[in-house]
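**Q** What follows is a single structure, and I will ask about it in a moment.
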Amino acid sequence: VAVVLKACADALPAFPELNARLEGDAIVYLDRYDFGVAVQTEQGLVVPVVRGVDAKSLEEVQDEVARLAEAARAGTLRPDELRGSTFTVTSAGKLAGLFQTPIVNHPEVAILSVGRIAPRPVVRDGAIVVRQTGTIAVTFDHRMIDGARAAAFGLAVIARLEGGAFAL
């Protein structure tokens, strides 16, 4: 999860319309990268917020996600740990299949979902090889974001993930 959060934080400055909120009829573009991370608990799904993803190291993001997930499952999250996200990342990959279509966490305008990562055949240099692959899906508010821009953001995230810049 931390790798995906860092890839999103790295890509979002070029796509400010995805890191925004709807407040009434106003569009508020945000200059902070506080990401909601969906966590499944026995009581249902909760979305704690990892603050300042752009300014944290990969290890710091990973530690914060683990801390928040543990607190979510223990029911000890503080109210401020559940508010103020600018963008959300979710993954049903462990529970579901390859593709999901998540619902945008209002008042945010976009969410990125990661599908199941597993070994699959892919073509590399004209040969079929087995690689760990997954999918991403970007759900977005069409009032704010054009489909081509959302797709370009998705490709920018994929390029960062494939480039290995955020490997542990």
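As shown in the structure tokens, the chain order sets the letters A, B, ...; within each chain, residues go from 1, and ligands are also counted from 1 in the order they appear.
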Would you mind writing down, as an NGL selection string, each residue of chain A that DSSP on the backbone assigns to helix (DSSP H, G or I)?

**A** :A and (2-14 or 16-18 or 53-55 or 58-74 or 79-82 or 147-163)

**Q** Would you pick out the contacts of range 70-75 of chain A at 7 Å or less, using only C-alpha atoms, so that residues sharing its chain but fewer than 3 positions from it are not included, and give the list as a list of chain:residue names?

**A**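 After dropping sequence-adjacent residues, the list is A:Thr41, A:Val46, A:Ala66, A:Arg67.
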
**Q** Using only C-alpha atoms, which of A:Val130, A:Ile103, A:Leu5, A:Leu155 sits nearest Tyr33 in chain A?

**A**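 That would be A:Leu5, the residue with the smallest distance to Tyr33 in chain A.
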
**Q** Got a sec: who's within 9 Å of range 13-23 of chain A, counting only C-alpha atoms, leaving out chain neighbours fewer than 5 positions off, as a VMD selection string?

**A** chain A and resid 28 to 33 86 to 87 106 to 111 140 to 141 144 to 145 149 to 150 152 to 153

**Q** Would you mind listing what lies within 12 Å of Ala137 in chain A as a PDB file with N, CA and C atoms, in the first residue's frame, with only C-alpha atoms counted and same-chain residues fewer than 5 positions away left out?

**A**
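As a result, part35.pdb now contains:
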```
ATOM      1  N   THR A  88      -8.236   9.129  -1.955  1.00  0.00           N
ATOM      2  CA  THR A  88      -8.298   7.848  -1.258  1.00  0.00           C
ATOM      3  C   THR A  88      -7.732   6.738  -2.127  1.00  0.00           C
ATOM      4  N   VAL A  89      -7.077   5.785  -1.458  1.00  0.00           N
ATOM      5  CA  VAL A  89      -6.590   4.572  -2.106  1.00  0.00           C
ATOM      6  C   VAL A  89      -7.245   3.396  -1.402  1.00  0.00           C
ATOM      7  N   THR A  90      -7.758   2.462  -2.192  1.00  0.00           N
ATOM      8  CA  THR A  90      -8.400   1.276  -1.646  1.00  0.00           C
ATOM      9  C   THR A  90      -7.917   0.059  -2.406  1.00  0.00           C
ATOM     10  N   SER A  91      -8.092  -1.101  -1.808  1.00  0.00           N
ATOM     11  CA  SER A  91      -7.739  -2.344  -2.468  1.00  0.00           C
ATOM     12  C   SER A  91      -8.636  -3.440  -1.961  1.00  0.00           C
ATOM     13  N   ALA A  92      -9.369  -4.028  -2.869  1.00  0.00           N
ATOM     14  CA  ALA A  92     -10.141  -5.216  -2.529  1.00  0.00           C
ATOM     15  C   ALA A  92      -9.431  -6.439  -3.086  1.00  0.00           C
ATOM     16  N   GLY A  93      -8.207  -6.258  -3.523  1.00  0.00           N
ATOM     17  CA  GLY A  93      -7.456  -7.322  -4.172  1.00  0.00           C
ATOM     18  C   GLY A  93      -7.308  -8.583  -3.357  1.00  0.00           C
ATOM     19  N   LEU A  98      -9.821  -9.208  -9.933  1.00  0.00           N
ATOM     20  CA  LEU A  98      -8.908  -8.350 -10.664  1.00  0.00           C
ATOM     21  C   LEU A  98      -9.352  -6.885 -10.693  1.00  0.00           C
ATOM     22  N   PHE A  99     -10.644  -6.632 -10.855  1.00  0.00           N
ATOM     23  CA  PHE A  99     -11.130  -5.270 -11.037  1.00  0.00           C
ATOM     24  C   PHE A  99     -12.151  -4.894  -9.977  1.00  0.00           C
ATOM     25  N   GLN A 100     -12.139  -3.641  -9.582  1.00  0.00           N
ATOM     26  CA  GLN A 100     -13.148  -3.079  -8.709  1.00  0.00           C
ATOM     27  C   GLN A 100     -13.509  -1.691  -9.237  1.00  0.00           C
ATOM     28  N   THR A 101     -14.657  -1.219  -8.839  1.00  0.00           N
ATOM     29  CA  THR A 101     -15.065   0.145  -9.142  1.00  0.00           C
ATOM     30  C   THR A 101     -15.463   0.793  -7.820  1.00  0.00           C
ATOM     31  N   PRO A 102     -14.508   1.417  -7.140  1.00  0.00           N
ATOM     32  CA  PRO A 102     -14.831   2.018  -5.842  1.00  0.00           C
ATOM     33  C   PRO A 102     -15.655   3.289  -6.008  1.00  0.00           C
ATOM     34  N   ILE A 103     -16.338   3.644  -4.954  1.00  0.00           N
ATOM     35  CA  ILE A 103     -17.134   4.876  -4.927  1.00  0.00           C
ATOM     36  C   ILE A 103     -16.277   5.993  -4.331  1.00  0.00           C
ATOM     37  N   VAL A 104     -16.343   7.167  -4.936  1.00  0.00           N
ATOM     38  CA  VAL A 104     -15.579   8.323  -4.474  1.00  0.00           C
ATOM     39  C   VAL A 104     -16.007   8.685  -3.055  1.00  0.00           C
ATOM     40  N   ALA A 110     -11.889  11.901  -6.403  1.00  0.00           N
ATOM     41  CA  ALA A 110     -11.328  10.728  -7.066  1.00  0.00           C
ATOM     42  C   ALA A 110     -10.834   9.720  -6.039  1.00  0.00           C
ATOM     43  N   ILE A 111     -10.760   8.464  -6.489  1.00  0.00           N
ATOM     44  CA  ILE A 111     -10.261   7.364  -5.663  1.00  0.00           C
ATOM     45  C   ILE A 111      -9.541   6.398  -6.595  1.00  0.00           C
ATOM     46  N   LEU A 112      -8.468   5.800  -6.095  1.00  0.00           N
ATOM     47  CA  LEU A 112      -7.727   4.807  -6.865  1.00  0.00           C
ATOM     48  C   LEU A 112      -7.839   3.464  -6.160  1.00  0.00           C
ATOM     49  N   SER A 113      -8.154   2.435  -6.928  1.00  0.00           N
ATOM     50  CA  SER A 113      -8.273   1.084  -6.391  1.00  0.00           C
ATOM     51  C   SER A 113      -7.205   0.193  -7.009  1.00  0.00           C
ATOM     52  N   VAL A 114      -6.650  -0.674  -6.182  1.00  0.00           N
ATOM     53  CA  VAL A 114      -5.645  -1.637  -6.637  1.00  0.00           C
ATOM     54  C   VAL A 114      -6.292  -3.014  -6.632  1.00  0.00           C
ATOM     55  N   GLY A 115      -6.210  -3.704  -7.774  1.00  0.00           N
ATOM     56  CA  GLY A 115      -6.749  -5.052  -7.882  1.00  0.00           C
ATOM     57  C   GLY A 115      -5.742  -6.085  -7.411  1.00  0.00           C
ATOM     58  N   ARG A 116      -6.159  -7.325  -7.435  1.00  0.00           N
ATOM     59  CA  ARG A 116      -5.324  -8.437  -6.965  1.00  0.00           C
ATOM     60  C   ARG A 116      -4.010  -8.491  -7.747  1.00  0.00           C
ATOM     61  N   GLY A 147     -12.305  12.248 -18.477  1.00  0.00           N
ATOM     62  CA  GLY A 147     -11.859  10.859 -18.505  1.00  0.00           C
ATOM     63  C   GLY A 147     -10.443  10.685 -19.009  1.00  0.00           C
ATOM     64  N   ALA A 150      -8.105  11.525 -16.146  1.00  0.00           N
ATOM     65  CA  ALA A 150      -8.086  10.459 -15.150  1.00  0.00           C
ATOM     66  C   ALA A 150      -7.268   9.279 -15.655  1.00  0.00           C
ATOM     67  N   ALA A 151      -7.423   8.942 -16.927  1.00  0.00           N
ATOM     68  CA  ALA A 151      -6.641   7.846 -17.511  1.00  0.00           C
ATOM     69  C   ALA A 151      -5.157   8.189 -17.521  1.00  0.00           C
ATOM     70  N   ALA A 152      -4.829   9.427 -17.848  1.00  0.00           N
ATOM     71  CA  ALA A 152      -3.425   9.851 -17.848  1.00  0.00           C
ATOM     72  C   ALA A 152      -2.836   9.759 -16.441  1.00  0.00           C
ATOM     73  N   PHE A 153      -3.617  10.119 -15.436  1.00  0.00           N
ATOM     74  CA  PHE A 153      -3.158   9.969 -14.057  1.00  0.00           C
ATOM     75  C   PHE A 153      -2.902   8.497 -13.740  1.00  0.00           C
ATOM     76  N   GLY A 154      -3.834   7.635 -14.105  1.00  0.00           N
ATOM     77  CA  GLY A 154      -3.650   6.202 -13.874  1.00  0.00           C
ATOM     78  C   GLY A 154      -2.377   5.694 -14.525  1.00  0.00           C
ATOM     79  N   LEU A 155      -2.126   6.120 -15.759  1.00  0.00           N
ATOM     80  CA  LEU A 155      -0.898   5.712 -16.446  1.00  0.00           C
ATOM     81  C   LEU A 155       0.342   6.274 -15.758  1.00  0.00           C
ATOM     82  N   VAL A 157       0.659   6.847 -12.547  1.00  0.00           N
ATOM     83  CA  VAL A 157       0.871   6.016 -11.353  1.00  0.00           C
ATOM     84  C   VAL A 157       1.503   4.688 -11.751  1.00  0.00           C
ATOM     85  N   ILE A 158       0.971   4.061 -12.794  1.00  0.00           N
ATOM     86  CA  ILE A 158       1.529   2.785 -13.259  1.00  0.00           C
ATOM     87  C   ILE A 158       2.996   2.946 -13.632  1.00  0.00           C
TER      88      ILE A 158
END
```

**Q** I need the residue nearest Asp10 in chain A from this list: A:Ala38, A:Ala69, A:Val47, A:Ala156. Use only C-alpha atoms for the distance.

**A** A:Ala156

**Q** For Gly52 in chain A, list every protein, DNA or RNA residue within 10 Å, evaluated using only C-alpha atoms, and leave out those in the same chain fewer than 4 positions away; present the list as number ranges by chain.

**A** A: 9, 32-35, 56, 61

**Q** Let me see the file: selected residues, N, CA and C atoms, as a PDB file, in the first residue's frame.

**A**
```
ATOM      1  N   ALA A   9       1.157  10.224  -4.690  1.00  0.00           N
ATOM      2  CA  ALA A   9       1.627  11.540  -4.239  1.00  0.00           C
ATOM      3  C   ALA A   9       2.612  12.138  -5.233  1.00  0.00           C
ATOM      4  N   ARG A  32      -1.995  19.854  -0.298  1.00  0.00           N
ATOM      5  CA  ARG A  32      -1.527  18.864   0.663  1.00  0.00           C
ATOM      6  C   ARG A  32      -1.929  17.492   0.145  1.00  0.00           C
ATOM      7  N   TYR A  33      -1.225  16.483   0.604  1.00  0.00           N
ATOM      8  CA  TYR A  33      -1.435  15.118   0.117  1.00  0.00           C
ATOM      9  C   TYR A  33      -1.696  14.220   1.321  1.00  0.00           C
ATOM     10  N   ASP A  34      -2.939  14.308   1.807  1.00  0.00           N
ATOM     11  CA  ASP A  34      -3.402  13.550   2.966  1.00  0.00           C
ATOM     12  C   ASP A  34      -4.355  12.484   2.438  1.00  0.00           C
ATOM     13  N   PHE A  35      -3.890  11.244   2.394  1.00  0.00           N
ATOM     14  CA  PHE A  35      -4.618  10.192   1.692  1.00  0.00           C
ATOM     15  C   PHE A  35      -5.379   9.277   2.630  1.00  0.00           C
ATOM     16  N   LYS A  56       6.773  12.308   3.395  1.00  0.00           N
ATOM     17  CA  LYS A  56       7.257  11.173   4.176  1.00  0.00           C
ATOM     18  C   LYS A  56       8.084  10.234   3.295  1.00  0.00           C
ATOM     19  N   VAL A  61       5.685   6.137   5.524  1.00  0.00           N
ATOM     20  CA  VAL A  61       4.314   5.902   5.055  1.00  0.00           C
ATOM     21  C   VAL A  61       3.881   4.489   5.440  1.00  0.00           C
TER      22      VAL A  61
END
```

**Q** Between CA of Ala11 in chain A and CA of Val65 in chain A, what distance in Å does the model show, to one decimal?

**A**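 Between CA of Ala11 in chain A and CA of Val65 in chain A the gap works out to 19.5 Å.
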
**Q** List every residue of range 15-133 of chain A that DSSP, applied to the backbone, labels as strand (DSSP E), and write the result as number ranges by chain.

**A** A: 20-23, 26-29, 35-37, 39-41, 44-46, 49-50, 87-91, 110-114, 118-124, 127-133
